[in-house]
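Heads up, data-v5.txt below (compact mmCIF, C-alpha atoms and all ligand atoms):
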# COMPACT_ATOMS: atom_id res chain seq x y z
CA MET T 1 49.25 59.89 132.84
CA PRO T 2 50.63 56.96 130.86
CA ALA T 3 54.24 56.67 129.81
CA ARG T 4 55.11 59.46 127.41
CA ASN T 5 55.44 59.42 123.65
CA HIS T 6 58.47 60.89 121.89
CA SER T 7 57.40 64.55 121.80
CA GLN T 8 56.11 64.42 125.36
CA TRP T 9 59.44 62.90 126.40
CA LEU T 10 61.30 65.80 124.77
CA ALA T 11 59.03 68.57 126.07
CA ASN T 12 60.40 70.95 128.70
CA PRO T 13 59.38 70.05 132.24
CA GLU T 14 57.03 72.38 134.07
CA LEU T 15 59.79 73.33 136.51
CA LYS T 16 61.47 76.75 136.44
CA GLU T 17 64.64 77.58 134.49
CA GLY T 18 67.59 76.49 136.63
CA GLU T 19 65.65 73.51 137.99
CA TRP T 20 66.48 71.30 135.05
CA ILE T 21 69.29 71.15 132.53
CA ASP T 22 69.89 69.71 129.07
CA SER T 23 71.70 66.35 129.03
CA ARG T 24 73.98 67.57 126.24
CA VAL T 25 76.11 69.31 128.88
CA TYR T 26 77.10 65.75 129.83
CA SER T 27 77.56 64.29 126.38
CA ASP T 28 78.53 66.83 123.74
CA GLN T 29 82.12 66.87 122.46
CA GLU T 30 82.05 70.55 121.55
CA ILE T 31 80.80 71.52 125.00
CA PHE T 32 83.51 69.34 126.51
CA ASN T 33 86.23 71.08 124.43
CA ASP T 34 84.82 74.41 125.55
CA GLU T 35 84.96 73.34 129.19
CA MET T 36 88.65 72.51 128.91
CA GLU T 37 89.43 75.95 127.45
CA LYS T 38 87.08 78.10 129.46
CA ILE T 39 87.06 76.32 132.82
CA PHE T 40 89.84 73.78 133.40
CA LYS T 41 92.61 75.94 131.92
CA ARG T 42 91.63 78.76 134.27
CA VAL T 43 90.83 77.28 137.68
CA TRP T 44 92.99 76.17 140.61
CA VAL T 45 93.32 72.37 140.71
CA PRO T 46 94.60 70.40 143.74
CA VAL T 47 96.90 68.02 141.88
CA CYS T 48 98.30 66.09 144.86
CA HIS T 49 99.26 66.43 148.52
CA GLU T 50 102.58 67.67 149.87
CA SER T 51 103.09 64.38 151.76
CA GLU T 52 103.37 62.61 148.40
CA LEU T 53 106.58 64.58 147.77
CA PRO T 54 108.26 64.15 151.15
CA GLU T 55 111.91 64.50 150.06
CA PRO T 56 113.81 66.98 147.89
CA TYR T 57 113.83 65.83 144.24
CA ASP T 58 110.58 63.83 144.66
CA PHE T 59 108.11 64.35 141.84
CA ARG T 60 104.66 63.39 140.59
CA THR T 61 103.18 63.77 137.13
CA THR T 62 99.58 64.46 136.24
CA SER T 63 97.59 66.55 133.77
CA ILE T 64 95.17 69.46 133.71
CA ALA T 65 92.91 69.97 130.69
CA GLY T 66 95.05 67.54 128.70
CA GLU T 67 98.29 69.42 129.46
CA PRO T 68 100.88 67.18 131.13
CA ILE T 69 102.15 68.56 134.43
CA ILE T 70 105.12 67.76 136.62
CA VAL T 71 105.22 68.72 140.29
CA SER T 72 108.50 68.42 142.15
CA ARG T 73 110.17 69.40 145.39
CA GLY T 74 113.42 71.31 145.07
CA PRO T 75 116.52 71.04 147.28
CA ASP T 76 115.17 74.19 149.00
CA LYS T 77 112.04 72.12 149.91
CA GLU T 78 109.82 74.32 147.72
CA ILE T 79 107.22 72.53 145.62
CA ARG T 80 107.05 73.81 142.05
CA ALA T 81 104.97 72.91 139.01
CA PHE T 82 105.93 72.91 135.34
CA LEU T 83 104.47 71.70 132.11
CA ASN T 84 105.89 68.21 131.61
CA VAL T 85 107.01 69.22 128.13
CA CYS T 86 110.52 69.59 126.73
CA PRO T 87 111.14 73.05 125.26
CA HIS T 88 113.30 71.50 122.50
CA ARG T 89 110.84 69.52 120.43
CA GLY T 90 107.91 68.89 122.72
CA MET T 91 108.81 65.47 124.14
CA LEU T 92 107.06 64.39 127.33
CA LEU T 93 109.85 64.96 129.85
CA GLU T 94 108.94 62.48 132.57
CA ARG T 95 106.92 59.35 131.91
CA ARG T 96 106.74 57.86 135.39
CA PRO T 97 103.70 58.68 137.58
CA SER T 98 106.00 59.46 140.52
CA GLY T 99 109.58 59.03 141.64
CA SER T 100 112.74 60.95 142.47
CA PHE T 101 115.31 62.86 140.43
CA LEU T 102 117.90 62.39 143.16
CA GLU T 103 119.47 59.39 141.43
CA GLY T 104 120.39 59.80 137.80
CA GLN T 105 118.36 58.22 135.05
CA PRO T 106 120.22 55.85 132.67
CA SER T 107 120.49 58.77 130.24
CA GLY T 108 120.67 61.68 132.69
CA ASN T 109 122.54 63.17 135.62
CA PRO T 110 121.46 63.02 139.27
CA LYS T 111 119.32 65.94 140.50
CA ARG T 112 118.29 66.85 136.98
CA ILE T 113 115.17 66.42 134.91
CA THR T 114 116.57 64.92 131.73
CA CYS T 115 114.72 64.67 128.45
CA MET T 116 115.44 61.21 127.08
CA PHE T 117 115.04 62.34 123.47
CA HIS T 118 118.12 64.61 122.96
CA ALA T 119 119.39 64.76 126.55
CA TRP T 120 118.65 68.37 127.46
CA GLN T 121 118.68 68.80 131.24
CA PHE T 122 116.78 71.03 133.65
CA ASP T 123 117.19 71.80 137.36
CA MET T 124 114.47 71.78 140.01
CA LYS T 125 113.65 75.42 139.31
CA GLY T 126 113.02 74.62 135.65
CA ASN T 127 116.23 76.23 134.36
CA CYS T 128 117.79 74.58 131.35
CA VAL T 129 121.28 73.63 132.53
CA TYR T 130 122.56 71.47 129.69
CA VAL T 131 122.05 71.34 125.94
CA ALA T 132 123.84 68.43 124.32
CA ARG T 133 126.50 69.62 121.81
CA GLU T 134 125.28 73.14 122.33
CA LYS T 135 128.13 75.08 120.65
CA GLU T 136 128.40 72.72 117.71
CA GLY T 137 124.76 73.03 116.79
CA TYR T 138 123.72 76.47 117.86
CA GLN T 139 127.08 78.34 117.99
CA ASP T 140 125.98 81.49 119.89
CA ARG T 141 122.49 81.66 118.45
CA LEU T 142 120.56 79.98 121.27
CA CYS T 143 121.12 80.60 124.92
CA LYS T 144 120.26 78.01 127.62
CA GLU T 145 118.78 80.78 129.78
CA ASN T 146 116.00 81.24 127.25
CA VAL T 147 114.86 77.65 126.94
CA GLY T 148 113.74 76.85 130.49
CA LEU T 149 110.62 74.88 131.33
CA ARG T 150 107.16 76.44 131.39
CA ARG T 151 106.61 77.31 135.05
CA LEU T 152 103.06 77.15 136.47
CA ARG T 153 101.53 78.90 139.44
CA CYS T 154 101.64 76.52 142.38
CA GLU T 155 100.69 76.88 146.06
CA VAL T 156 100.50 74.51 149.01
CA LYS T 157 97.35 75.28 150.97
CA PHE T 158 94.19 74.05 152.73
CA GLY T 159 95.58 71.05 154.58
CA GLY T 160 98.78 70.77 152.52
CA PHE T 161 97.27 70.13 149.09
CA VAL T 162 99.33 71.23 146.09
CA TRP T 163 97.25 73.58 143.93
CA VAL T 164 98.20 74.42 140.37
CA THR T 165 96.64 76.62 137.73
CA LEU T 166 97.52 76.84 134.05
CA ASP T 167 96.50 80.49 134.14
CA ASP T 168 99.44 82.87 134.73
CA SER T 169 97.00 85.60 135.77
CA PRO T 170 94.18 83.77 137.57
CA LYS T 171 91.00 85.76 138.04
CA VAL T 172 91.25 85.32 141.81
CA SER T 173 93.93 84.21 144.26
CA LEU T 174 93.73 80.70 145.67
CA GLU T 175 92.70 82.15 149.04
CA GLU T 176 89.87 84.04 147.43
CA TRP T 177 88.93 81.03 145.31
CA ALA T 178 88.38 78.53 148.10
CA GLY T 179 89.04 80.23 151.46
CA GLU T 180 85.38 80.67 152.40
CA PRO T 181 84.16 77.12 151.70
CA PHE T 182 87.21 75.72 153.51
CA GLU T 183 86.44 77.81 156.61
CA CYS T 184 84.43 74.92 158.15
CA LEU T 185 87.42 72.55 157.89
CA ARG T 186 90.36 74.86 158.22
CA GLU T 187 90.97 74.48 161.95
CA SER T 188 90.86 70.71 161.56
CA ILE T 189 93.03 70.29 158.48
CA ASP T 190 95.54 73.06 159.15
CA ALA T 191 96.21 72.27 162.82
CA GLU T 192 99.07 69.90 162.02
CA PRO T 193 100.57 68.13 158.99
CA LEU T 194 98.43 65.56 157.21
CA GLU T 195 99.60 62.53 155.27
CA VAL T 196 98.13 60.55 152.39
CA PHE T 197 97.67 56.89 153.38
CA HIS T 198 95.36 55.76 150.61
CA TYR T 199 95.35 56.32 146.85
CA HIS T 200 93.36 54.67 144.13
CA LYS T 201 91.89 55.85 140.90
CA ALA T 202 88.92 54.91 138.81
CA ILE T 203 88.36 55.56 135.11
CA ILE T 204 84.62 55.65 134.58
CA ASP T 205 82.57 55.96 131.40
CA THR T 206 80.66 59.01 132.52
CA ASN T 207 80.88 62.79 132.49
CA TYR T 208 82.99 64.38 135.22
CA LYS T 209 80.13 66.65 136.30
CA LEU T 210 77.97 63.66 137.13
CA TRP T 211 80.55 62.65 139.72
CA HIS T 212 80.50 66.12 141.21
CA ASP T 213 76.69 66.07 141.15
CA THR T 214 76.60 62.88 143.14
CA ASN T 215 78.93 64.43 145.70
CA SER T 216 76.68 67.46 146.06
CA GLU T 217 73.21 65.92 146.10
CA PHE T 218 72.12 63.61 148.90
CA TYR T 219 68.72 62.60 147.62
CA HIS T 220 70.48 59.47 146.33
CA ASP T 221 71.43 58.35 149.82
CA PHE T 222 68.62 55.80 149.82
CA MET T 223 71.07 53.88 147.64
CA HIS T 224 73.61 53.81 150.49
CA TYR T 225 72.68 51.19 153.06
CA HIS T 226 75.40 52.57 155.34
CA ASN T 227 73.83 56.05 155.31
CA ARG T 228 70.40 54.63 156.01
CA VAL T 229 71.61 52.74 159.04
CA THR T 230 74.06 55.27 160.54
CA GLY T 231 72.14 58.44 159.64
CA PHE T 232 68.54 59.03 158.62
CA ASN T 233 67.57 60.73 161.87
CA ASP T 234 66.17 64.25 162.26
CA ALA T 235 69.61 65.85 162.38
CA TYR T 236 70.60 63.98 159.21
CA PHE T 237 67.71 65.40 157.21
CA ALA T 238 67.96 68.87 158.76
CA ARG T 239 71.57 69.61 157.80
CA LYS T 240 71.95 72.32 155.25
CA ASN T 241 73.72 72.99 151.98
CA PHE T 242 75.57 76.29 151.89
CA ALA T 243 76.41 77.95 148.59
CA PHE T 244 79.56 80.04 148.18
CA LYS T 245 80.76 82.24 145.39
CA HIS T 246 82.61 80.64 142.46
CA GLY T 247 80.14 77.73 142.41
CA HIS T 248 81.32 75.98 145.58
CA VAL T 249 79.05 74.27 148.10
CA VAL T 250 79.50 73.03 151.65
CA VAL T 251 77.29 70.32 153.11
CA GLY T 252 76.75 70.82 156.83
CA THR T 253 77.56 68.46 159.63
CA PHE T 254 75.64 65.96 161.76
CA GLU T 255 76.62 63.21 164.17
CA VAL T 256 77.05 59.81 162.53
CA ASN T 257 75.99 56.77 164.57
CA TYR T 258 78.64 54.37 163.35
CA GLU T 259 77.80 51.77 165.99
CA ASN T 260 74.42 51.21 164.33
CA TYR T 261 76.19 49.38 161.52
CA GLU T 262 77.37 45.96 162.52
CA GLY T 263 81.16 45.78 162.57
CA PHE T 264 81.62 49.56 162.62
CA GLU T 265 82.76 51.60 165.62
CA SER T 266 82.74 55.17 166.87
CA ARG T 267 85.49 57.31 165.37
CA ALA T 268 85.61 59.72 168.30
CA GLU T 269 89.05 58.74 169.55
CA LEU T 270 90.82 59.51 166.31
CA SER T 271 88.84 62.62 165.41
CA PHE T 272 90.71 65.27 163.48
CA PRO T 273 91.79 68.22 165.69
CA HIS T 274 88.99 70.58 166.74
CA LEU T 275 86.33 68.32 165.22
CA PRO T 276 83.53 67.26 167.57
CA PRO T 277 83.23 63.44 167.75
CA ASN T 278 81.85 61.60 164.71
CA GLN T 279 81.08 64.77 162.81
CA TRP T 280 81.12 65.04 159.09
CA TYR T 281 81.79 67.84 156.60
CA MET T 282 81.92 68.05 152.86
CA VAL T 283 83.38 70.77 150.65
CA ASP T 284 82.43 70.57 146.96
CA LEU T 285 84.57 72.84 144.83
CA PHE T 286 83.72 73.95 141.33
CA PRO T 287 84.39 72.46 138.80
CA GLY T 288 84.84 68.98 140.35
CA MET T 289 86.96 68.59 143.48
CA ASN T 290 85.65 67.24 146.71
CA PHE T 291 86.90 67.14 150.31
CA ASN T 292 85.03 64.98 152.77
CA LEU T 293 85.97 64.67 156.44
CA ARG T 294 84.36 61.76 158.26
CA GLY T 295 85.60 62.10 161.84
CA SER T 296 88.93 60.32 161.62
CA ALA T 297 89.67 60.31 157.88
CA LEU T 298 89.73 62.92 155.14
CA ARG T 299 88.89 61.91 151.61
CA CYS T 300 89.74 64.00 148.58
CA ASP T 301 88.41 63.35 145.05
CA ILE T 302 90.07 65.01 142.09
CA VAL T 303 88.52 64.61 138.66
CA THR T 304 90.46 64.67 135.43
CA PRO T 305 87.96 64.80 132.56
CA LEU T 306 89.13 62.61 129.68
CA GLY T 307 86.23 63.14 127.29
CA PRO T 308 82.52 63.95 127.43
CA ASP T 309 81.83 60.42 128.65
CA LYS T 310 85.08 59.50 130.38
CA VAL T 311 86.58 60.69 133.64
CA MET T 312 89.49 59.68 135.81
CA ILE T 313 88.81 60.15 139.51
CA GLU T 314 91.71 60.05 141.94
CA PHE T 315 90.78 59.17 145.50
CA ARG T 316 93.06 59.99 148.39
CA GLY T 317 92.64 59.19 152.06
CA LEU T 318 94.47 61.29 154.62
CA GLY T 319 95.20 61.11 158.31
CA LEU T 320 97.48 62.91 160.76
CA LYS T 321 101.14 62.61 159.94
CA ARG T 322 102.03 61.91 163.58
CA ASP T 323 99.84 58.77 163.79
CA THR T 324 101.37 55.81 165.56
CA PRO T 325 101.32 52.59 163.50
CA GLN T 326 98.32 51.39 165.53
CA GLU T 327 96.43 54.66 165.05
CA ARG T 328 97.17 54.59 161.36
CA GLU T 329 95.87 51.05 161.04
CA ILE T 330 92.57 52.03 162.66
CA ARG T 331 92.33 55.18 160.56
CA ILE T 332 92.91 53.17 157.37
CA ASN T 333 90.21 50.75 158.46
CA HIS T 334 87.79 53.63 159.10
CA HIS T 335 88.56 55.04 155.67
CA ASN T 336 88.57 51.86 153.64
CA SER T 337 85.53 50.27 155.21
CA ILE T 338 83.43 53.03 153.74
CA TRP T 339 85.50 54.65 150.99
CA GLY T 340 87.98 52.03 149.82
CA PRO T 341 87.30 50.29 146.49
CA PHE T 342 85.57 47.54 148.46
CA GLY T 343 84.05 49.85 151.06
CA ARG T 344 80.39 50.32 151.89
CA ASN T 345 79.74 53.53 149.99
CA LEU T 346 82.03 54.56 147.15
CA HIS T 347 81.29 51.84 144.62
CA GLU T 348 77.56 52.51 144.99
CA ASP T 349 78.12 56.09 143.84
CA LEU T 350 80.25 54.80 140.96
CA ILE T 351 77.43 52.48 139.87
CA GLY T 352 75.06 55.46 139.94
CA VAL T 353 77.17 57.70 137.71
CA ALA T 354 78.16 54.85 135.38
CA GLY T 355 74.44 54.21 134.83
CA GLN T 356 73.92 57.86 133.95
CA GLY T 357 76.98 57.71 131.68
CA THR T 358 75.42 54.77 129.82
CA THR T 359 72.31 56.77 128.93
CA MET T 360 74.19 59.98 128.13
CA ARG T 361 76.85 59.01 125.63
CA PRO T 362 77.77 61.36 122.78
CA HIS T 363 74.95 61.30 120.19
CA THR T 364 72.32 59.92 122.54
CA GLU T 365 69.13 61.91 122.31
CA GLN T 366 69.02 65.04 124.45
CA ARG T 367 66.81 64.84 127.48
CA ARG T 368 66.02 66.74 130.64
CA ILE T 369 67.88 66.24 133.87
CA LEU T 370 65.94 67.49 136.88
CA HIS T 371 67.62 69.52 139.63
CA GLY T 372 64.43 70.97 141.05
CA ARG T 373 64.00 69.72 144.62
CA GLN T 374 63.45 72.67 146.97
CA GLU T 375 63.48 71.85 150.68
CA ASN T 376 64.73 74.97 152.44
CA GLN T 377 68.33 74.10 151.47
CA THR T 378 68.27 71.01 153.67
CA ILE T 379 70.03 67.84 152.65
CA HIS T 380 67.68 66.65 149.89
CA ASP T 381 67.33 70.14 148.38
CA GLU T 382 69.15 70.12 145.02
CA VAL T 383 70.48 73.64 145.57
CA GLY T 384 74.07 72.41 145.29
CA MET T 385 73.63 71.36 141.68
CA ARG T 386 71.61 74.47 140.79
CA HIS T 387 74.35 76.66 142.24
CA TYR T 388 77.02 74.71 140.35
CA TYR T 389 75.28 74.94 136.95
CA ASP T 390 74.62 78.62 137.38
CA GLU T 391 78.39 79.08 137.75
CA TRP T 392 79.01 76.71 134.83
CA GLY T 393 76.75 78.85 132.63
CA ARG T 394 78.66 81.97 133.63
CA TRP T 395 82.09 80.48 132.75
CA MET T 396 80.87 78.80 129.58
CA ASN T 397 78.52 81.54 128.40
CA ARG T 398 75.97 78.81 127.76
CA LEU T 399 72.60 78.25 129.40
CA PRO T 400 72.68 74.85 131.11
CA ASN T 401 69.11 74.10 130.00
CA ASP T 402 69.73 75.32 126.44
CA PRO T 403 73.49 75.24 125.85
CA GLU T 404 73.37 76.86 122.40
CA LYS T 405 72.05 80.04 124.04
CA SER T 406 74.19 82.72 125.70
CA TRP T 407 74.21 82.97 129.50
CA HIS T 408 75.43 86.57 129.26
CA GLU T 409 72.46 87.60 127.14
CA ARG T 410 70.13 86.08 129.71
CA ASN T 411 71.98 87.82 132.57
CA PRO T 412 73.01 91.18 131.05
CA ALA T 413 73.49 93.09 134.30
CA GLU T 414 75.85 90.53 135.79
CA ALA T 415 77.71 90.07 132.52
CA ALA T 416 78.28 93.84 132.28
CA ALA T 417 79.53 93.97 135.89
CA ALA T 418 81.93 91.08 135.24
CA ALA T 419 83.29 92.77 132.13
CA GLU T 420 84.27 95.92 134.08
S1 LIG L 501 112.81 66.94 122.72
FE1 LIG L 501 113.73 67.08 124.62
S2 LIG L 501 115.81 67.23 124.22
FE2 LIG L 501 114.88 67.13 122.27
FE FE L 502 76.75 58.86 147.53

Could I get this file's structure written as structure tokens?
Amino acid sequence: MPARNHSQWLANPELKEGEWIDSRVYSDQEIFNDEMEKIFKRVWVPVCHESELPEPYDFRTTSIAGEPIIVSRGPDKEIRAFLNVCPHRGMLLERRPSGSFLEGQPSGNPKRITCMFHAWQFDMKGNCVYVAREKEGYQDRLCKENVGLRRLRCEVKFGGFVWVTLDDSPKVSLEEWAGEPFECLRESIDAEPLEVFHYHKAIIDTNYKLWHDTNSEFYHDFMHYHNRVTGFNDAYFARKNFAFKHGHVVVGTFEVNYENYEGFESRAELSFPHLPPNQWYMVDLFPGMNFNLRGSALRCDIVTPLGPDKVMIEFRGLGLKRDTPQEREIRINHHNSIWGPFGRNLHEDLIGVAGQGTTMRPHTEQRRILHGRQENQTIHDEVGMRHYYDEWGRWMNRLPNDPEKSWHERNPAEAAAAAE
């Protein structure tokens, strides 16, 4: 068949529903707005790692679904999360990406979060402890106790990551949300404290789901020279994708032959606890977080969608907190040589999704994106993406291959059960 004309190009593929989706899920502003409300404001998000807040009064700022967030460690060592918003007139409370409240700011007291606008102050539990010229302005009409910060649910879990949700009554607990997919890594990441040794972020002109897709499909690994050389044996192609409830996927393990790549070495000596030498695991969490353990180094990707065609991805590399300086140096080398900004793998994935982002900008013509490879759930089977978009449809009440249509109408029995 020759190259297709316009109507042939737009025709539905002969694959089954669920094996292809409409590209508007990657490019439409209205769908994006819906995703923020229906998905990102309701899920658990790992916003950072506990080792990034080592001391009391340390903090980091970030955002979920456009809402600014502050995460800080109190004098009682507890990590808490709040909206980074002043209850007075909505000023952004803290502008720095990270730091400490231990020392006072030029316009605030030590050990306080101080709003620079009108100098209201808050303690590490989010209580309002000072209102400038309180009596003069409010007499007895406004009480400090009633103007505290907006507290958010926050838990430290699964290897010491700090998880936050904007939802005061999340549908499921964090354990129920991600406990099962993390089962394959739990012994290794919970055996002893971990520490972040690498952080970088990338802002890419593409949809956040395309990044998650590339983390959950391995058909693209022809693009990765490193994978071709160190993998591509029978065990590599035989490993399986496992789907879990809530849209999560785990990609099974195999033994990586690092020595096959010139300049690389076995990672056996610095393997994470309980992990057989040079093994590899990947946990892909809905709607776009990824944990990847390559023998001696754990990588975590957290996406912050910025628009239908813009995403910020934060990359962290973690090792064991007790590393000696020499061990840490080797671990950093293992991590960066493959996953650093100049490593052998990561930038190739970024080129892939940036290319997709170029063809799927807002207002580009809708087209079909194929997710239809079926290979008994082995590594090139696209089951991970199919599982993800089925969950996406459920949360969004949109069919991924026809997003104007209702998922609930297409799945009445499940929708009725969920409503009970
Ligand atoms: S806006 Fe924060 S003190 Fe006024
Ligand atoms: Fe890749």

Distance table requested - region 159-259 of chain T against region 269-285 of chain T, cut-off 9 Å, all atoms listed in the file: one row per qualifying residue with the closest atom pair and its distance in Å to one decimal, ordered by chain and rising residue number, as JSON lines.
{"residue": "T:Ala178", "atom": "CA", "partner": "T:Leu285", "partner_atom": "CA", "distance": 7.6}
{"residue": "T:Pro181", "atom": "CA", "partner": "T:Val283", "partner_atom": "CA", "distance": 6.5}
{"residue": "T:Phe182", "atom": "CA", "partner": "T:Val283", "partner_atom": "CA", "distance": 6.9}
{"residue": "T:Cys184", "atom": "CA", "partner": "T:Tyr281", "partner_atom": "CA", "distance": 7.7}
{"residue": "T:Leu185", "atom": "CA", "partner": "T:Tyr281", "partner_atom": "CA", "distance": 7.5}
{"residue": "T:Glu187", "atom": "CA", "partner": "T:His274", "partner_atom": "CA", "distance": 6.5}
{"residue": "T:Ser188", "atom": "CA", "partner": "T:Pro273", "partner_atom": "CA", "distance": 4.9}
{"residue": "T:Ile189", "atom": "CA", "partner": "T:Phe272", "partner_atom": "CA", "distance": 7.5}
{"residue": "T:Asp190", "atom": "CA", "partner": "T:Pro273", "partner_atom": "CA", "distance": 9.0}
{"residue": "T:Ala191", "atom": "CA", "partner": "T:Pro273", "partner_atom": "CA", "distance": 6.6}
{"residue": "T:Glu192", "atom": "CA", "partner": "T:Pro273", "partner_atom": "CA", "distance": 8.3}
{"residue": "T:His212", "atom": "CA", "partner": "T:Asp284", "partner_atom": "CA", "distance": 7.5}
{"residue": "T:Asn215", "atom": "CA", "partner": "T:Asp284", "partner_atom": "CA", "distance": 7.2}
{"residue": "T:Ser216", "atom": "CA", "partner": "T:Asp284", "partner_atom": "CA", "distance": 6.6}
{"residue": "T:His246", "atom": "CA", "partner": "T:Leu285", "partner_atom": "CA", "distance": 8.4}
{"residue": "T:Gly247", "atom": "CA", "partner": "T:Leu285", "partner_atom": "CA", "distance": 7.0}
{"residue": "T:His248", "atom": "CA", "partner": "T:Leu285", "partner_atom": "CA", "distance": 4.6}
{"residue": "T:Val249", "atom": "CA", "partner": "T:Asp284", "partner_atom": "CA", "distance": 5.1}
{"residue": "T:Val250", "atom": "CA", "partner": "T:Val283", "partner_atom": "CA", "distance": 4.6}
{"residue": "T:Val251", "atom": "CA", "partner": "T:Met282", "partner_atom": "CA", "distance": 5.2}
{"residue": "T:Gly252", "atom": "CA", "partner": "T:Tyr281", "partner_atom": "CA", "distance": 5.9}
{"residue": "T:Thr253", "atom": "CA", "partner": "T:Trp280", "partner_atom": "CA", "distance": 5.0}
{"residue": "T:Phe254", "atom": "CA", "partner": "T:Gln279", "partner_atom": "CA", "distance": 5.7}
{"residue": "T:Glu255", "atom": "CA", "partner": "T:Gln279", "partner_atom": "CA", "distance": 4.9}
{"residue": "T:Val256", "atom": "CA", "partner": "T:Asn278", "partner_atom": "CA", "distance": 5.6}
{"residue": "T:Asn257", "atom": "CA", "partner": "T:Asn278", "partner_atom": "CA", "distance": 7.6}
{"residue": "T:Tyr258", "atom": "CA", "partner": "T:Asn278", "partner_atom": "CA", "distance": 8.0}

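The residue that comes closest to Pro287 (chain T), out of T:His224, T:His347, T:Lys144, T:Lys209 and on the basis of only C-alpha atoms, is T:Lys209.
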
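Of note, CA of Met360 (chain T) and CA of Glu19 (chain T) are spaced 18.8 Å apart.
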
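Closest approach to ligand LIG 501 (chain L) from the set T:Gly319, T:Gly66, T:Pro56, T:Pro87 is made by T:Pro87, with distances taken over all atoms listed in the file.
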
Throw together the list of residues within 6 Å of ligand FE 502 (chain L), counting only C-alpha atoms and all ligand atoms, and drop it here as JSON, numbers by chain. {"T": [214, 221, 349]}

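A straight line drawn from CA of Ala81 (chain T) to CA of Ile69 (chain T) is 6.9 Å long.
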
Please list as an mmCIF file with C-alpha atoms, in the coordinates of the input every residue within 6 Å of region 392-401 of chain T, counting all atoms listed in the file and excluding residues in the same chain fewer than 4 positions away.
data_model
loop_
_atom_site.group_PDB
_atom_site.id
_atom_site.type_symbol
_atom_site.label_atom_id
_atom_site.label_comp_id
_atom_site.auth_asym_id
_atom_site.auth_seq_id
_atom_site.Cartn_x
_atom_site.Cartn_y
_atom_site.Cartn_z
ATOM 1 C CA ILE T 21 69.290 71.150 132.530
ATOM 2 C CA ASP T 22 69.890 69.710 129.070
ATOM 3 C CA LYS T 405 72.050 80.040 124.040
ATOM 4 C CA SER T 406 74.190 82.720 125.700
ATOM 5 C CA TRP T 407 74.210 82.970 129.500
ATOM 6 C CA HIS T 408 75.430 86.570 129.260
#

Give the residue list for ligand LIG 501 (chain L) at 9 Å, counting all atoms listed in the file, as an mmCIF file with C-alpha atoms, in the coordinates of the input, sorted by chain and then by residue number.
data_model
loop_
_atom_site.group_PDB
_atom_site.id
_atom_site.type_symbol
_atom_site.label_atom_id
_atom_site.label_comp_id
_atom_site.auth_asym_id
_atom_site.auth_seq_id
_atom_site.Cartn_x
_atom_site.Cartn_y
_atom_site.Cartn_z
ATOM 1 C CA VAL T 85 107.010 69.220 128.130
ATOM 2 C CA CYS T 86 110.520 69.590 126.730
ATOM 3 C CA PRO T 87 111.140 73.050 125.260
ATOM 4 C CA HIS T 88 113.300 71.500 122.500
ATOM 5 C CA ARG T 89 110.840 69.520 120.430
ATOM 6 C CA GLY T 90 107.910 68.890 122.720
ATOM 7 C CA MET T 91 108.810 65.470 124.140
ATOM 8 C CA LEU T 92 107.060 64.390 127.330
ATOM 9 C CA LEU T 93 109.850 64.960 129.850
ATOM 10 C CA THR T 114 116.570 64.920 131.730
ATOM 11 C CA CYS T 115 114.720 64.670 128.450
ATOM 12 C CA MET T 116 115.440 61.210 127.080
ATOM 13 C CA PHE T 117 115.040 62.340 123.470
ATOM 14 C CA HIS T 118 118.120 64.610 122.960
ATOM 15 C CA ALA T 119 119.390 64.760 126.550
ATOM 16 C CA TRP T 120 118.650 68.370 127.460
ATOM 17 C CA GLN T 121 118.680 68.800 131.240
ATOM 18 C CA VAL T 131 122.050 71.340 125.940
ATOM 19 C CA ALA T 132 123.840 68.430 124.320
#

Using all atoms listed in the file, which protein or nucleic acid residues come within 8 Å of His49 (chain T)? Drop anything in the same chain fewer than 3 positions from it, and give the result as number ranges by chain. T: 46, 52-53, 160-162, 195-196
